[in-house]
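Undergrad: Please find one structure pasted underneath; my questions will follow.
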Amino acid sequence: MTLPTFTRRLALVAALALGVASCGGGDDSKIGGTPSELTFSILSAEGQASAGPLWQPLLDDMSRAIGVPVKPYFGSNYTVLVEAMRGGQTHVAWFSAKPAIEAIDRANAEVIARTVNKEGMDSYHSTLIVRTGSGITLDQVLACGKRFDFGIGDAQSTSGTLAPMAFLFNPRGIAPAQCFKTVRSANHQSNAFSVAAGVLDVATSNTVNTVFLTKQNPQVAAQIQEIWQSPPIPESGIVLREDLDPALKEKIRSFFLTYGQGETPEAERQRRVLAGLEYSRFSAADDNYLNPVREMVADQQLGEARAKGDTTAAAAAERELQRLRSLREVQP
């Protein structure tokens, strides 16, 4: 991909983000209850043109199953999408773990399901990527020295920011702003195109983005290689507003948990829809499945508080860490 083409892509991403952010304040009369139309949030770096054909068949099936029209709401920025749910502009969302936590804490949301990939796994990995043939190694990256241009993820991204900080940089006392020549925050797809084009030397990504990039942009994917993978991270989930009508919530829950299940021709068709999204099914889940990510968040907050000398914040983060670890220890 040429640099001008890449630049045009970035301009498109920026325009999409601004467009979503300016979609109005939402209709307060439609917050909670049974809205006449449901809006489903989808993160997509290139908007509807890229993600629409993959998600629309599932949304059409959802509309028929629950008896309420469902329309997509595309955005390239998790913060924008969480705010849209908080303001009542959206009702249901596909979020990775960190923004799902933000939606629970700030947007009156709850988890109803988690995704399972085509290999039957309900987890994925954060990665660091470099341009194929660059010769850049993980040891060179961790040596810092302001040598490389670095791309980190959206501030709310689980795999783009939280996981590499928690698993790679924080344990080594590395602050990206002091380590790299430049640091740019963007979504996974933008960072991947930047690495492939040679605009960035190294960037965060994840194994899910690698799969989609290989399918949709194989020439770009061939220009990228991984030099690090994180431990497993809980896969993305389906969240909805808690204040929706209970009967409607149960219809939505039932739709996701039964989608693609069974041996009928219809179930087989639904499995083909899921395969296009790189999923095999949705499994039952509640907010507790996000606790491993809450641990990472608390660990990050503890490190930041200690770096600032904020003993009150550090103590609060330490208490939260202890609480979450105790929950993990009593789980079967």
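If you're wondering about the labels, chains in the structure tokens are A, B, ... by order shown, residues count from 1 in each chain, ligands from 1 in order shown.
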Excluding His91 in chain A and residues on its chain fewer than 6 positions from it, collect all residues at most 9 Å away from it, counting only C-alpha atoms, and give them as a PyMOL selection string.
TA: chain A and resi 31-32+35+38-41+84-85+109+239-241+244
Undergrad: Can you pull out every residue within 12 Å of range 301-315 of chain A, counting only C-alpha atoms, but drop anything in the same chain fewer than 2 positions away, and send it as a PyMOL selection string?
TA: chain A and resi 162+165-166+169-175+294-299+317-322
Undergrad: If DSSP is run on the backbone, what residues of range 256-288 of chain A are alpha helix (DSSP H)? A reply as a list in words would be ideal.
TA: Phe256, Leu257, Thr258, Pro265, Glu266, Ala267, Glu268, Arg269, Gln270, Arg271, Arg272, Val273, Leu274, Ala275 and Gly276 of chain A
Undergrad: May I have the selected residues written with C-alpha atoms, as a short mmCIF file (atom, residue, chain, number, x, y, z; two decimals), in the first residue's frame?
TA:
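This went into out-v3.cif:
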```
data_model
loop_
_atom_site.label_atom_id
_atom_site.label_comp_id
_atom_site.auth_asym_id
_atom_site.auth_seq_id
_atom_site.Cartn_x
_atom_site.Cartn_y
_atom_site.Cartn_z
CA PHE A 256 -27.42 -14.76 21.05
CA LEU A 257 -27.23 -17.95 23.13
CA THR A 258 -29.19 -20.02 20.60
CA PRO A 265 -30.67 -25.85 7.77
CA GLU A 266 -31.39 -22.51 9.47
CA ALA A 267 -28.79 -23.19 12.18
CA GLU A 268 -26.28 -24.09 9.48
CA ARG A 269 -26.97 -20.80 7.69
CA GLN A 270 -26.49 -18.93 10.96
CA ARG A 271 -23.16 -20.70 11.50
CA ARG A 272 -22.03 -19.39 8.12
CA VAL A 273 -22.91 -15.87 9.29
CA LEU A 274 -20.86 -16.44 12.45
CA ALA A 275 -17.96 -17.81 10.41
CA GLY A 276 -17.79 -14.52 8.53
#
```
Undergrad: At a cut-off of 8 Å, can you tabulate as CSV every residue of range 268-315 of chain A near range 115-136 of chain A together with its closest atom pair and the distance in Å to one decimal, using only C-alpha atoms and ordering rows by chain then number?
TA:
```
residue,atom,partner,partner_atom,distance
A:Ala275,CA,A:Lys118,CA,6.8
A:Glu278,CA,A:Lys118,CA,5.7
A:Tyr279,CA,A:Asn117,CA,4.1
A:Ser280,CA,A:Lys118,CA,4.7
A:Arg281,CA,A:Val116,CA,5.5
A:Phe282,CA,A:Thr115,CA,4.7
A:Ser283,CA,A:Thr115,CA,6.4
```
Undergrad: What's around range 203-208 of chain A at 9 Å? Count only C-alpha atoms, leave out sequence neighbours fewer than 5 positions away in its own chain, and write the answer as a list in words.
TA: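 What passes the distance filter is Tyr124, His125, Ser126, Thr127, Leu128, Ile129, Val130, Asp149, Phe150, Gly151, Ile152, Gly153, Ser159, Gly160, Thr161, Pro164, Asn187, His188, Gln189, Asn191, Ala192, Ser194, Val195, Leu213, Glu226, Gln229, Ser230 and Glu278 of chain A.
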Undergrad: Using only C-alpha atoms, which protein or nucleic acid residues come within 9 Å of range 50-64 of chain A? Drop anything in the same chain fewer than 3 positions from it, and give the result as a list in words.
TA: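 Listing them by chain and then by number gives Leu38, Phe40, Ile42, Leu43, Ser44, Ala45, Glu46, Gly47, Gly67, Val68, Pro69, Val70, Lys71, Pro72, Phe74, Gln216, Ile252, Phe255, Phe256, Gln270, Val273, Leu274, Gly276 and Leu277 of chain A.
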Undergrad: Emit the selected residues as a PDB file, in the first residue's frame, including C-alpha atoms.
TA:
```pdb
ATOM      1  CA  LEU A  38     -32.661  -0.958  18.809  1.00  0.00           C
ATOM      2  CA  PHE A  40     -26.235  -1.966  18.010  1.00  0.00           C
ATOM      3  CA  ILE A  42     -19.909  -1.993  16.302  1.00  0.00           C
ATOM      4  CA  LEU A  43     -16.278  -0.916  16.390  1.00  0.00           C
ATOM      5  CA  SER A  44     -14.906  -0.635  12.870  1.00  0.00           C
ATOM      6  CA  ALA A  45     -11.835   1.269  11.721  1.00  0.00           C
ATOM      7  CA  GLU A  46     -13.318   1.801   8.263  1.00  0.00           C
ATOM      8  CA  GLY A  47     -16.973   2.080   9.183  1.00  0.00           C
ATOM      9  CA  GLY A  67     -39.593  -8.381  16.939  1.00  0.00           C
ATOM     10  CA  VAL A  68     -37.853  -4.984  17.065  1.00  0.00           C
ATOM     11  CA  PRO A  69     -35.854  -3.408  14.202  1.00  0.00           C
ATOM     12  CA  VAL A  70     -32.092  -3.391  14.862  1.00  0.00           C
ATOM     13  CA  LYS A  71     -29.772  -0.922  13.134  1.00  0.00           C
ATOM     14  CA  PRO A  72     -25.963  -0.751  13.333  1.00  0.00           C
ATOM     15  CA  PHE A  74     -20.436   2.118  13.551  1.00  0.00           C
ATOM     16  CA  GLN A 216      -9.640  -8.651   3.951  1.00  0.00           C
ATOM     17  CA  ILE A 252     -31.964 -10.567  23.114  1.00  0.00           C
ATOM     18  CA  PHE A 255     -31.174 -14.845  20.465  1.00  0.00           C
ATOM     19  CA  PHE A 256     -27.425 -14.756  21.050  1.00  0.00           C
ATOM     20  CA  GLN A 270     -26.486 -18.930  10.958  1.00  0.00           C
ATOM     21  CA  VAL A 273     -22.906 -15.869   9.287  1.00  0.00           C
ATOM     22  CA  LEU A 274     -20.861 -16.440  12.448  1.00  0.00           C
ATOM     23  CA  GLY A 276     -17.791 -14.524   8.530  1.00  0.00           C
ATOM     24  CA  LEU A 277     -17.203 -12.834  11.894  1.00  0.00           C
TER      25      LEU A 277
END
```
Undergrad: Report, in Å with one decimal, the straight-line distance from CA of Leu168 in chain A to CA of Ser236 in chain A.
TA: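 Rounded to one decimal, the two atoms are 21.2 Å apart.
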Undergrad: Among range 78-311 of chain A, which residues does DSSP mark as strand (DSSP E or B) when it is run on the backbone? Keep the chain and numbering as in the structure and answer as number ranges by chain.
TA: A: 92-95, 109-117, 123-124, 126-131, 149-152, 182-185, 202-206, 224-229, 233-234, 237-241, 244, 279-284
